[in-house]
file run34.cif (mmCIF, C-alpha atoms, pLDDT in the B column; chains and numbers go by the auth columns)
data_upload
#
loop_
_atom_site.group_PDB
_atom_site.id
_atom_site.type_symbol
_atom_site.label_atom_id
_atom_site.label_comp_id
_atom_site.label_asym_id
_atom_site.label_seq_id
_atom_site.Cartn_x
_atom_site.Cartn_y
_atom_site.Cartn_z
_atom_site.B_iso_or_equiv
_atom_site.auth_seq_id
_atom_site.auth_asym_id
ATOM 1 C CA MET A 1 28.129 -251.038 -162.723 40.00 25 A
ATOM 2 C CA LYS A 2 25.150 -253.194 -161.935 37.00 26 A
ATOM 3 C CA THR A 3 22.761 -253.783 -164.786 37.00 27 A
ATOM 4 C CA ILE A 4 19.046 -253.790 -163.985 38.00 28 A
ATOM 5 C CA ILE A 5 16.734 -255.247 -166.570 35.00 29 A
ATOM 6 C CA GLN A 6 13.023 -254.618 -166.263 39.00 30 A
ATOM 7 C CA LYS A 7 10.606 -256.287 -168.619 38.00 31 A
ATOM 8 C CA SER A 8 8.349 -254.238 -170.848 38.00 32 A
ATOM 9 C CA PRO A 9 5.048 -255.461 -172.321 39.00 33 A
ATOM 10 C CA HIS A 10 6.813 -255.915 -175.674 40.00 34 A
ATOM 11 C CA GLN A 11 9.840 -257.777 -174.318 41.00 35 A
ATOM 12 C CA ARG A 12 10.220 -261.351 -175.502 43.00 36 A
ATOM 13 C CA PRO A 13 11.798 -264.195 -173.482 41.00 37 A
ATOM 14 C CA LEU A 14 15.534 -264.445 -174.073 37.00 38 A
ATOM 15 C CA SER A 15 15.103 -267.968 -175.445 39.00 39 A
ATOM 16 C CA THR A 16 13.070 -266.644 -178.387 40.00 40 A
ATOM 17 C CA LEU A 17 15.480 -263.877 -179.408 43.00 41 A
ATOM 18 C CA SER A 18 17.737 -264.160 -182.452 49.00 42 A
ATOM 19 C CA SER A 19 21.415 -264.990 -181.912 51.00 43 A
ATOM 20 C CA ARG A 20 22.322 -261.524 -183.206 50.00 44 A
ATOM 21 C CA LEU A 21 20.075 -259.887 -180.622 47.00 45 A
ATOM 22 C CA LYS A 22 21.381 -262.112 -177.819 47.00 46 A
ATOM 23 C CA HIS A 23 24.928 -261.088 -178.729 48.00 47 A
ATOM 24 C CA ALA A 24 23.890 -257.439 -178.649 47.00 48 A
ATOM 25 C CA LEU A 25 22.434 -257.802 -175.182 46.00 49 A
ATOM 26 C CA LEU A 26 25.778 -259.070 -173.922 46.00 50 A
ATOM 27 C CA ILE A 27 27.459 -255.976 -175.331 44.00 51 A
ATOM 28 C CA PHE A 28 24.935 -253.777 -173.559 45.00 52 A
ATOM 29 C CA GLY A 29 25.689 -255.444 -170.241 44.00 53 A
ATOM 30 C CA ALA A 30 27.837 -252.492 -169.264 37.00 54 A
ATOM 31 C CA VAL A 31 24.997 -250.059 -169.878 40.00 55 A
ATOM 32 C CA THR A 32 22.512 -249.350 -167.102 37.00 56 A
ATOM 33 C CA LEU A 33 19.094 -249.976 -168.598 37.00 57 A
ATOM 34 C CA ILE A 34 16.433 -247.367 -167.940 35.00 58 A
ATOM 35 C CA ALA A 35 13.099 -248.462 -166.548 36.00 59 A
ATOM 36 C CA PRO A 36 10.176 -248.620 -169.022 36.00 60 A
ATOM 37 C CA SER A 37 8.555 -245.626 -167.338 36.00 61 A
ATOM 38 C CA ALA A 38 11.486 -243.405 -168.300 42.00 62 A
ATOM 39 C CA GLY A 39 11.187 -244.154 -171.994 46.00 63 A
ATOM 40 C CA ALA A 40 14.348 -242.282 -173.015 56.00 64 A
ATOM 41 C CA MET A 41 18.006 -241.662 -172.365 75.00 65 A
ATOM 42 C CA ASP A 42 18.700 -238.940 -169.815 81.00 66 A
ATOM 43 C CA ASN A 43 19.966 -236.633 -172.545 89.00 67 A
ATOM 44 C CA PHE A 44 21.248 -236.326 -176.115 92.00 68 A
ATOM 45 C CA ASN A 45 24.913 -236.863 -175.182 91.00 69 A
ATOM 46 C CA GLN A 46 24.123 -240.154 -173.482 92.00 70 A
ATOM 47 C CA ALA A 47 22.116 -241.300 -176.506 94.00 71 A
ATOM 48 C CA LYS A 48 24.994 -240.546 -178.886 94.00 72 A
ATOM 49 C CA LYS A 49 27.275 -242.807 -176.857 94.00 73 A
ATOM 50 C CA VAL A 50 24.808 -245.709 -177.061 95.00 74 A
ATOM 51 C CA LEU A 51 23.811 -245.579 -180.744 96.00 75 A
ATOM 52 C CA PRO A 52 27.091 -246.906 -182.219 96.00 76 A
ATOM 53 C CA SER A 53 26.734 -250.124 -180.196 95.00 77 A
ATOM 54 C CA ILE A 54 23.228 -250.564 -181.580 96.00 78 A
ATOM 55 C CA TYR A 55 24.281 -250.013 -185.180 96.00 79 A
ATOM 56 C CA LYS A 56 27.178 -252.416 -184.740 95.00 80 A
ATOM 57 C CA GLU A 57 24.618 -255.214 -184.387 96.00 81 A
ATOM 58 C CA LEU A 58 22.726 -254.388 -187.593 96.00 82 A
ATOM 59 C CA SER A 59 23.372 -256.098 -190.888 94.00 83 A
ATOM 60 C CA SER A 60 25.106 -253.653 -193.264 94.00 84 A
ATOM 61 C CA PRO A 61 24.070 -250.478 -191.369 97.00 85 A
ATOM 62 C CA THR A 62 23.672 -247.279 -193.374 97.00 86 A
ATOM 63 C CA THR A 63 22.801 -243.602 -192.931 98.00 87 A
ATOM 64 C CA ILE A 64 19.083 -242.870 -192.898 98.00 88 A
ATOM 65 C CA TYR A 65 18.670 -240.703 -196.004 98.00 89 A
ATOM 66 C CA CYS A 66 21.537 -241.494 -198.357 98.00 90 A
ATOM 67 C CA GLY A 67 22.126 -245.146 -197.512 97.00 91 A
ATOM 68 C CA CYS A 68 25.865 -244.629 -197.060 98.00 92 A
ATOM 69 C CA PRO A 69 27.575 -247.669 -195.468 98.00 93 A
ATOM 70 C CA LEU A 70 28.562 -247.247 -191.829 97.00 94 A
ATOM 71 C CA SER A 71 31.455 -248.746 -189.914 96.00 95 A
ATOM 72 C CA ILE A 72 32.190 -248.536 -186.195 93.00 96 A
ATOM 73 C CA GLU A 73 35.640 -247.609 -184.878 90.00 97 A
ATOM 74 C CA ARG A 74 36.202 -247.123 -181.140 89.00 98 A
ATOM 75 C CA ASN A 75 32.479 -246.704 -180.594 90.00 99 A
ATOM 76 C CA ARG A 76 32.265 -244.017 -183.275 94.00 100 A
ATOM 77 C CA LEU A 77 30.316 -244.277 -186.505 96.00 101 A
ATOM 78 C CA ARG A 78 32.128 -243.554 -189.757 96.00 102 A
ATOM 79 C CA LEU A 79 30.690 -243.433 -193.260 96.00 103 A
ATOM 80 C CA ASP A 80 31.836 -244.195 -196.803 96.00 104 A
ATOM 81 C CA LEU A 81 30.635 -241.471 -199.183 97.00 105 A
ATOM 82 C CA ARG A 82 32.121 -243.083 -202.285 96.00 106 A
ATOM 83 C CA ALA A 83 30.283 -246.338 -201.683 97.00 107 A
ATOM 84 C CA CYS A 84 26.911 -244.579 -201.786 97.00 108 A
ATOM 85 C CA GLY A 85 27.754 -242.237 -204.660 98.00 109 A
ATOM 86 C CA TYR A 86 27.411 -239.138 -202.521 98.00 110 A
ATOM 87 C CA LYS A 87 28.368 -235.810 -204.096 98.00 111 A
ATOM 88 C CA VAL A 88 29.218 -232.920 -201.777 98.00 112 A
ATOM 89 C CA ARG A 89 26.868 -230.001 -202.315 97.00 113 A
ATOM 90 C CA LYS A 90 28.818 -227.340 -200.432 97.00 114 A
ATOM 91 C CA GLN A 91 30.300 -228.455 -197.090 97.00 115 A
ATOM 92 C CA ALA A 92 32.946 -231.129 -197.635 97.00 116 A
ATOM 93 C CA LYS A 93 34.108 -231.326 -194.006 97.00 117 A
ATOM 94 C CA ARG A 94 30.600 -231.697 -192.652 98.00 118 A
ATOM 95 C CA ALA A 95 29.689 -234.210 -195.363 98.00 119 A
ATOM 96 C CA ALA A 96 32.576 -236.428 -194.278 97.00 120 A
ATOM 97 C CA ARG A 97 31.262 -236.954 -190.758 96.00 121 A
ATOM 98 C CA VAL A 98 28.330 -238.779 -189.217 97.00 122 A
ATOM 99 C CA GLU A 99 25.811 -236.673 -187.328 97.00 123 A
ATOM 100 C CA TYR A 100 22.846 -237.878 -185.316 97.00 124 A
ATOM 101 C CA GLU A 101 19.678 -236.647 -186.947 97.00 125 A
ATOM 102 C CA HIS A 102 16.540 -235.928 -184.949 97.00 126 A
ATOM 103 C CA VAL A 103 13.932 -237.096 -187.460 98.00 127 A
ATOM 104 C CA MET A 104 11.420 -234.972 -185.572 97.00 128 A
ATOM 105 C CA PRO A 105 13.598 -231.863 -185.125 96.00 129 A
ATOM 106 C CA ALA A 106 14.330 -230.453 -181.696 94.00 130 A
ATOM 107 C CA TRP A 107 12.536 -227.280 -182.733 93.00 131 A
ATOM 108 C CA GLU A 108 9.330 -229.203 -183.464 94.00 132 A
ATOM 109 C CA PHE A 109 9.105 -230.975 -180.106 93.00 133 A
ATOM 110 C CA GLY A 110 10.776 -228.160 -178.202 92.00 134 A
ATOM 111 C CA HIS A 111 8.946 -225.013 -179.239 90.00 135 A
ATOM 112 C CA GLN A 112 5.745 -226.290 -177.629 86.00 136 A
ATOM 113 C CA LEU A 113 7.485 -226.252 -174.228 90.00 137 A
ATOM 114 C CA LYS A 114 7.791 -223.231 -171.920 90.00 138 A
ATOM 115 C CA CYS A 115 11.572 -223.574 -171.634 92.00 139 A
ATOM 116 C CA TRP A 116 11.944 -223.113 -175.395 92.00 140 A
ATOM 117 C CA GLN A 117 9.585 -220.184 -175.373 91.00 141 A
ATOM 118 C CA ASP A 118 11.668 -218.621 -172.585 90.00 142 A
ATOM 119 C CA GLY A 119 15.061 -219.065 -174.227 90.00 143 A
ATOM 120 C CA GLY A 120 15.187 -221.639 -176.998 91.00 144 A
ATOM 121 C CA ARG A 121 17.092 -224.919 -177.022 91.00 145 A
ATOM 122 C CA LYS A 122 19.848 -223.607 -174.759 90.00 146 A
ATOM 123 C CA ARG A 123 17.344 -222.819 -172.041 90.00 147 A
ATOM 124 C CA CYS A 124 15.817 -226.303 -172.305 92.00 148 A
ATOM 125 C CA THR A 125 19.172 -228.071 -171.886 91.00 149 A
ATOM 126 C CA SER A 126 21.026 -225.776 -169.485 85.00 150 A
ATOM 127 C CA GLY A 127 22.313 -227.885 -166.591 73.00 151 A
ATOM 128 C CA LYS A 128 20.097 -228.369 -163.547 72.00 152 A
ATOM 129 C CA ASN A 129 17.743 -225.677 -164.791 72.00 153 A
ATOM 130 C CA GLY A 130 17.011 -227.524 -168.015 82.00 154 A
ATOM 131 C CA ASP A 131 13.688 -229.142 -168.814 90.00 155 A
ATOM 132 C CA THR A 132 13.626 -232.868 -168.002 91.00 156 A
ATOM 133 C CA LYS A 133 10.973 -233.668 -170.600 92.00 157 A
ATOM 134 C CA PHE A 134 12.907 -231.887 -173.341 93.00 158 A
ATOM 135 C CA LYS A 135 16.114 -233.721 -172.447 92.00 159 A
ATOM 136 C CA GLN A 136 14.319 -237.065 -172.645 93.00 160 A
ATOM 137 C CA MET A 137 12.778 -236.182 -176.000 94.00 161 A
ATOM 138 C CA GLU A 138 16.130 -234.949 -177.307 95.00 162 A
ATOM 139 C CA GLY A 139 17.807 -238.184 -176.215 96.00 163 A
ATOM 140 C CA ASP A 140 15.082 -240.618 -177.292 97.00 164 A
ATOM 141 C CA LEU A 141 16.869 -243.240 -179.378 98.00 165 A
ATOM 142 C CA HIS A 142 13.782 -244.035 -181.452 98.00 166 A
ATOM 143 C CA ASN A 143 14.006 -240.555 -182.991 98.00 167 A
ATOM 144 C CA LEU A 144 17.772 -240.559 -183.632 98.00 168 A
ATOM 145 C CA PHE A 145 19.397 -241.838 -186.816 98.00 169 A
ATOM 146 C CA PRO A 146 22.920 -241.465 -188.242 98.00 170 A
ATOM 147 C CA SER A 147 23.044 -239.110 -191.209 98.00 171 A
ATOM 148 C CA VAL A 148 25.591 -237.576 -193.551 98.00 172 A
ATOM 149 C CA GLY A 149 26.478 -234.379 -191.687 98.00 173 A
ATOM 150 C CA GLU A 150 25.882 -232.082 -194.635 98.00 174 A
ATOM 151 C CA VAL A 151 22.419 -233.488 -195.267 98.00 175 A
ATOM 152 C CA ASN A 152 21.561 -233.203 -191.590 97.00 176 A
ATOM 153 C CA GLY A 153 22.578 -229.552 -191.659 97.00 177 A
ATOM 154 C CA ASP A 154 20.752 -228.812 -194.914 98.00 178 A
ATOM 155 C CA ARG A 155 17.528 -230.410 -193.742 97.00 179 A
ATOM 156 C CA ALA A 156 17.655 -228.311 -190.539 96.00 180 A
ATOM 157 C CA ASN A 157 14.129 -228.253 -189.072 95.00 181 A
ATOM 158 C CA PHE A 158 12.311 -228.343 -192.424 97.00 182 A
ATOM 159 C CA ARG A 159 9.205 -230.497 -192.552 96.00 183 A
ATOM 160 C CA PHE A 160 9.108 -233.578 -194.724 98.00 184 A
ATOM 161 C CA SER A 161 6.930 -233.547 -197.794 97.00 185 A
ATOM 162 C CA GLU A 162 6.391 -235.346 -201.095 96.00 186 A
ATOM 163 C CA TRP A 163 6.101 -233.398 -204.343 95.00 187 A
ATOM 164 C CA ASN A 164 7.813 -235.579 -206.976 92.00 188 A
ATOM 165 C CA ALA A 165 11.021 -233.549 -206.917 94.00 189 A
ATOM 166 C CA VAL A 166 13.945 -234.854 -208.977 95.00 190 A
ATOM 167 C CA PRO A 167 16.986 -235.478 -206.720 96.00 191 A
ATOM 168 C CA THR A 168 20.151 -233.809 -208.035 96.00 192 A
ATOM 169 C CA GLN A 169 21.788 -232.094 -205.050 97.00 193 A
ATOM 170 C CA TYR A 170 23.793 -234.949 -203.528 98.00 194 A
ATOM 171 C CA GLY A 171 24.794 -237.232 -206.384 98.00 195 A
ATOM 172 C CA GLN A 172 23.217 -240.669 -206.027 97.00 196 A
ATOM 173 C CA CYS A 173 21.680 -239.738 -202.680 98.00 197 A
ATOM 174 C CA GLU A 174 18.006 -239.134 -203.442 97.00 198 A
ATOM 175 C CA MET A 175 17.359 -236.611 -200.686 98.00 199 A
ATOM 176 C CA VAL A 176 15.912 -233.276 -201.839 98.00 200 A
ATOM 177 C CA VAL A 177 16.052 -230.100 -199.755 98.00 201 A
ATOM 178 C CA ASP A 178 13.975 -227.130 -200.877 98.00 202 A
ATOM 179 C CA PHE A 179 15.652 -224.247 -199.037 97.00 203 A
ATOM 180 C CA LYS A 180 13.281 -221.593 -200.326 97.00 204 A
ATOM 181 C CA GLY A 181 10.178 -223.622 -199.492 97.00 205 A
ATOM 182 C CA ARG A 182 11.670 -224.905 -196.209 97.00 206 A
ATOM 183 C CA ARG A 183 10.745 -228.506 -196.927 97.00 207 A
ATOM 184 C CA ALA A 184 12.539 -231.785 -197.608 98.00 208 A
ATOM 185 C CA GLN A 185 11.600 -234.801 -199.719 98.00 209 A
ATOM 186 C CA PRO A 186 13.305 -237.929 -198.366 98.00 210 A
ATOM 187 C CA PRO A 187 14.136 -241.015 -200.461 97.00 211 A
ATOM 188 C CA LYS A 188 11.562 -243.790 -200.488 97.00 212 A
ATOM 189 C CA ARG A 189 13.981 -246.025 -198.576 95.00 213 A
ATOM 190 C CA SER A 190 13.697 -243.846 -195.484 98.00 214 A
ATOM 191 C CA ARG A 191 10.053 -242.731 -195.556 98.00 215 A
ATOM 192 C CA GLY A 192 8.735 -245.594 -193.441 98.00 216 A
ATOM 193 C CA MET A 193 11.367 -245.045 -190.745 98.00 217 A
ATOM 194 C CA ILE A 194 10.632 -241.320 -190.756 98.00 218 A
ATOM 195 C CA ALA A 195 6.890 -241.868 -190.448 98.00 219 A
ATOM 196 C CA ARG A 196 7.141 -244.329 -187.579 98.00 220 A
ATOM 197 C CA ALA A 197 9.587 -242.097 -185.680 98.00 221 A
ATOM 198 C CA TYR A 198 7.280 -239.090 -186.088 98.00 222 A
ATOM 199 C CA LEU A 199 4.142 -240.983 -185.078 98.00 223 A
ATOM 200 C CA TYR A 200 5.962 -242.391 -182.049 98.00 224 A
ATOM 201 C CA MET A 201 7.184 -238.999 -180.846 97.00 225 A
ATOM 202 C CA ALA A 202 3.774 -237.396 -181.292 97.00 226 A
ATOM 203 C CA ASP A 203 2.032 -240.230 -179.455 97.00 227 A
ATOM 204 C CA LYS A 204 4.508 -240.663 -176.594 96.00 228 A
ATOM 205 C CA TYR A 205 5.080 -237.021 -175.761 95.00 229 A
ATOM 206 C CA GLY A 206 1.775 -235.476 -176.793 94.00 230 A
ATOM 207 C CA ILE A 207 3.307 -233.401 -179.587 94.00 231 A
ATOM 208 C CA ARG A 208 0.798 -231.721 -181.859 92.00 232 A
ATOM 209 C CA LEU A 209 1.072 -232.438 -185.571 94.00 233 A
ATOM 210 C CA SER A 210 -0.885 -230.734 -188.320 94.00 234 A
ATOM 211 C CA GLN A 211 -3.555 -232.758 -190.116 96.00 235 A
ATOM 212 C CA ALA A 212 -1.404 -232.749 -193.248 95.00 236 A
ATOM 213 C CA GLN A 213 1.577 -234.147 -191.325 96.00 237 A
ATOM 214 C CA SER A 214 -0.492 -236.836 -189.640 97.00 238 A
ATOM 215 C CA ARG A 215 -2.007 -237.970 -192.929 97.00 239 A
ATOM 216 C CA LEU A 216 1.368 -238.070 -194.681 98.00 240 A
ATOM 217 C CA TYR A 217 3.046 -240.159 -191.975 98.00 241 A
ATOM 218 C CA GLN A 218 0.114 -242.540 -191.700 98.00 242 A
ATOM 219 C CA VAL A 219 0.325 -243.109 -195.473 98.00 243 A
ATOM 220 C CA TRP A 220 4.083 -243.620 -195.397 98.00 244 A
ATOM 221 C CA ASN A 221 3.779 -245.977 -192.439 98.00 245 A
ATOM 222 C CA ARG A 222 1.384 -248.177 -194.416 97.00 246 A
ATOM 223 C CA GLN A 223 3.155 -247.836 -197.752 97.00 247 A
ATOM 224 C CA TYR A 224 6.761 -248.479 -196.704 98.00 248 A
ATOM 225 C CA ALA A 225 7.214 -251.585 -194.564 97.00 249 A
ATOM 226 C CA PRO A 226 10.198 -251.914 -192.210 97.00 250 A
ATOM 227 C CA ASP A 227 13.165 -254.053 -193.189 97.00 251 A
ATOM 228 C CA ASP A 228 15.013 -256.462 -190.895 96.00 252 A
ATOM 229 C CA ASN A 229 17.379 -253.757 -189.668 97.00 253 A
ATOM 230 C CA GLU A 230 14.573 -251.434 -188.611 98.00 254 A
ATOM 231 C CA CYS A 231 12.888 -254.250 -186.694 98.00 255 A
ATOM 232 C CA LEU A 232 16.124 -255.303 -184.972 98.00 256 A
ATOM 233 C CA ARG A 233 17.010 -251.673 -184.211 98.00 257 A
ATOM 234 C CA ASN A 234 13.659 -251.288 -182.452 98.00 258 A
ATOM 235 C CA GLU A 235 14.261 -254.391 -180.335 98.00 259 A
ATOM 236 C CA LEU A 236 17.780 -253.326 -179.379 97.00 260 A
ATOM 237 C CA ILE A 237 16.637 -249.857 -178.373 97.00 261 A
ATOM 238 C CA ALA A 238 13.843 -251.357 -176.288 97.00 262 A
ATOM 239 C CA LYS A 239 16.411 -253.391 -174.346 96.00 263 A
ATOM 240 C CA VAL A 240 18.565 -250.344 -173.624 95.00 264 A
ATOM 241 C CA GLN A 241 15.974 -247.598 -173.292 95.00 265 A
ATOM 242 C CA GLY A 242 13.183 -249.576 -171.698 95.00 266 A
ATOM 243 C CA ASN A 243 10.469 -249.052 -174.331 96.00 267 A
ATOM 244 C CA ASP A 244 9.832 -249.986 -177.939 98.00 268 A
ATOM 245 C CA ASN A 245 8.364 -247.911 -180.745 98.00 269 A
ATOM 246 C CA PRO A 246 4.912 -249.542 -181.001 98.00 270 A
ATOM 247 C CA PHE A 247 4.477 -248.340 -184.588 98.00 271 A
ATOM 248 C CA VAL A 248 7.608 -250.266 -185.602 98.00 272 A
ATOM 249 C CA THR A 249 6.624 -253.263 -183.476 98.00 273 A
ATOM 250 C CA LYS A 250 3.209 -253.447 -185.162 97.00 274 A
ATOM 251 C CA ALA A 251 4.602 -252.953 -188.659 97.00 275 A
ATOM 252 C CA CYS A 252 7.215 -255.691 -188.080 97.00 276 A
ATOM 253 C CA ALA A 253 4.555 -258.084 -186.801 96.00 277 A
ATOM 254 C CA LEU A 254 2.475 -257.530 -189.935 93.00 278 A
ATOM 255 C CA ARG A 255 5.359 -258.724 -192.101 85.00 279 A
ATOM 256 C CA LYS A 256 5.234 -262.217 -190.614 71.00 280 A
#
call {"tool": "encode", "arguments": {"input": "run34.cif", "output": "C-alpha cells"}}
result
Amino acid sequence: MKTIIQKSPHQRPLSTLSSRLKHALLIFGAVTLIAPSAGAMDNFNQAKKVLPSIYKELSSPTTIYCGCPLSIERNRLRLDLRACGYKVRKQAKRAARVEYEHVMPAWEFGHQLKCWQDGGRKRCTSGKNGDTKFKQMEGDLHNLFPSVGEVNGDRANFRFSEWNAVPTQYGQCEMVVDFKGRRAQPPKRSRGMIARAYLYMADKYGIRLSQAQSRLYQVWNRQYAPDDNECLRNELIAKVQGNDNPFVTKACALRK
C-alpha cells in the first residue's frame, strides 16, 4: 500500500519532531493517510483499528475517565482495573473490556442530520445508503477515547455537567453518572480533554451546542491544561487523519 503524506498548516518538519513521534510515524507507514480536507477516518470501524497504534506511542496510556492503565496486545487495547482501583457497579463483563467512547455522543452529532431523523443511527451508517458526513463524524479520532466499557455504557448520551457530586459508584474512579438526571460529572483529569473534543466537533462540523454547554467547555478548556500525552495524541492523529484539533494545538502551545 502506498502511503501519501500531505502537509497540513499545523504539520511540523520531520526534523523538529520528537523521537517518540518519529517512531510513531514509521509505525503508521502501513496506513494510508487521509488528505487534510477529509478530516476524519472513513468510518468508526476504521478508526477503532487505528487508535491502538496511537495509544501505543503514548507514555503510560490510560482510559479517559477512570485513568486505568492500558496495554496493547495484537493491536487491541486492554485495561487493568485493579491498578486504577475500579469497582464494578453492575456489569462485570463489560467493565473488563475497553470500549471506544465518543466524547460527543453519536446521538448529539447525529440527531441534527436528516438520516438520523429518518431512521436513527442505523440509517446513518447503513452501507452505501449511509450518510457520509455522519460516518466521518463517527470515525473522527479526535472525538474517540478508550474507556472502561461499563462506564461508557452508563454514560450513554448523557451531557456532561459539574455539580460537586461525590464519586462513589466505581471505586477509586471519580466518574459520576446521574441516571435519573441524565447527566455525568467527569473527573477533573479528563475535563480538559472532554472540552477540547467537544469544541472541536462543534466547530468542525457545525454542531449546535447550547449556551450552557459552550460556556462549560470554554471554562474547562481554560482551567484544565493538556498534559504531554494529550499533546502527542493530537500530533499523532493529525499525521494519520490529516488534521489536528486546533483547540488542543493552541492549549499545548500556551504551555511552552
call {"tool": "atom_distance", "arguments": {"input": "run34.cif", "atom1": "CA of Ala116 (chain A)", "atom2": "CA of Val175 (chain A)"}}
result
11.0 Å
call {"tool": "residues_around", "arguments": {"input": "run34.cif", "residues": "region 205-214 of chain A", "least_positions_apart": "4", "cutoff": "12 Å", "atoms": "only C-alpha atoms", "output": "PyMOL selection string"}}
result
chain A and resi 86-91+127+169-171+175-194+196-201+218-221+240-241+244-245+247-251+254
call {"tool": "write_last_selection", "arguments": {"input": "run34.cif", "atoms": "C-alpha atoms", "output": "compact mmCIF listing (two decimals), in the coordinates of the input"}}
result
# COMPACT_ATOMS: atom_id res chain seq x y z
CA THR A 86 23.67 -247.28 -193.37
CA THR A 87 22.80 -243.60 -192.93
CA ILE A 88 19.08 -242.87 -192.90
CA TYR A 89 18.67 -240.70 -196.00
CA CYS A 90 21.54 -241.49 -198.36
CA GLY A 91 22.13 -245.15 -197.51
CA VAL A 127 13.93 -237.10 -187.46
CA PHE A 169 19.40 -241.84 -186.82
CA PRO A 170 22.92 -241.46 -188.24
CA SER A 171 23.04 -239.11 -191.21
CA VAL A 175 22.42 -233.49 -195.27
CA ASN A 176 21.56 -233.20 -191.59
CA GLY A 177 22.58 -229.55 -191.66
CA ASP A 178 20.75 -228.81 -194.91
CA ARG A 179 17.53 -230.41 -193.74
CA ALA A 180 17.66 -228.31 -190.54
CA ASN A 181 14.13 -228.25 -189.07
CA PHE A 182 12.31 -228.34 -192.42
CA ARG A 183 9.20 -230.50 -192.55
CA PHE A 184 9.11 -233.58 -194.72
CA SER A 185 6.93 -233.55 -197.79
CA GLU A 186 6.39 -235.35 -201.10
CA TRP A 187 6.10 -233.40 -204.34
CA ASN A 188 7.81 -235.58 -206.98
CA ALA A 189 11.02 -233.55 -206.92
CA VAL A 190 13.94 -234.85 -208.98
CA PRO A 191 16.99 -235.48 -206.72
CA THR A 192 20.15 -233.81 -208.04
CA GLN A 193 21.79 -232.09 -205.05
CA TYR A 194 23.79 -234.95 -203.53
CA GLN A 196 23.22 -240.67 -206.03
CA CYS A 197 21.68 -239.74 -202.68
CA GLU A 198 18.01 -239.13 -203.44
CA MET A 199 17.36 -236.61 -200.69
CA VAL A 200 15.91 -233.28 -201.84
CA VAL A 201 16.05 -230.10 -199.76
CA ILE A 218 10.63 -241.32 -190.76
CA ALA A 219 6.89 -241.87 -190.45
CA ARG A 220 7.14 -244.33 -187.58
CA ALA A 221 9.59 -242.10 -185.68
CA LEU A 240 1.37 -238.07 -194.68
CA TYR A 241 3.05 -240.16 -191.98
CA TRP A 244 4.08 -243.62 -195.40
CA ASN A 245 3.78 -245.98 -192.44
CA GLN A 247 3.16 -247.84 -197.75
CA TYR A 248 6.76 -248.48 -196.70
CA ALA A 249 7.21 -251.58 -194.56
CA PRO A 250 10.20 -251.91 -192.21
CA ASP A 251 13.16 -254.05 -193.19
CA GLU A 254 14.57 -251.43 -188.61
call {"tool": "resolve_selection", "arguments": {"input": "run34.cif", "expression": "the PyMOL selection byres ((chain A and resi 128) around 8)", "output": "VMD selection string"}}
result
chain A and resid 126 to 127 129 to 130 132 to 133 167 221 to 222 225
call {"tool": "resolve_selection", "arguments": {"input": "run34.cif", "expression": "the PyMOL selection byres ((chain A and resi 96) around 10)", "output": "PyMOL selection string"}}
result
chain A and resi 76-77+79-80+85+94-95+97-103
call {"tool": "closest_residue", "arguments": {"input": "run34.cif", "among": "A:Leu256, A:Val272, A:Ala119, A:Ala226", "to": "Leu82 (chain A)", "atoms": "all atoms listed in the file"}}
result
A:Leu256
call {"tool": "residues_around", "arguments": {"input": "run34.cif", "residues": "region 145-151 of chain A", "least_positions_apart": "5", "cutoff": "10 Å", "atoms": "all atoms listed in the file", "output": "list in words"}}
result
Asn67, Phe68, Ala130, Trp131, Gly134, His135, Leu137, Lys138, Cys139, Trp140, Thr156, Lys157, Phe158, Lys159 and Glu162 of chain A
call {"tool": "atom_distance", "arguments": {"input": "run34.cif", "atom1": "CA of Ile231 (chain A)", "atom2": "CA of Met161 (chain A)"}}
result
10.5 Å
call {"tool": "atom_distance", "arguments": {"input": "run34.cif", "atom1": "CA of Cys276 (chain A)", "atom2": "CA of Cys255 (chain A)"}}
result
6.0 Å
call {"tool": "closest_residue", "arguments": {"input": "run34.cif", "among": "A:Leu165, A:Gly195, A:Gln235, A:Gln141", "to": "Arg106 (chain A)", "atoms": "only C-alpha atoms"}}
result
A:Gly195
call {"tool": "closest_residue", "arguments": {"input": "run34.cif", "among": "A:Glu259, A:Asp104, A:Asp142, A:Glu125", "to": "Gly163 (chain A)", "atoms": "all atoms listed in the file"}}
result
A:Glu125
call {"tool": "closest_residue", "arguments": {"input": "run34.cif", "among": "A:Lys114, A:Lys274, A:Lys263, A:His166", "to": "Arg246 (chain A)", "atoms": "only C-alpha atoms"}}
result
A:Lys274
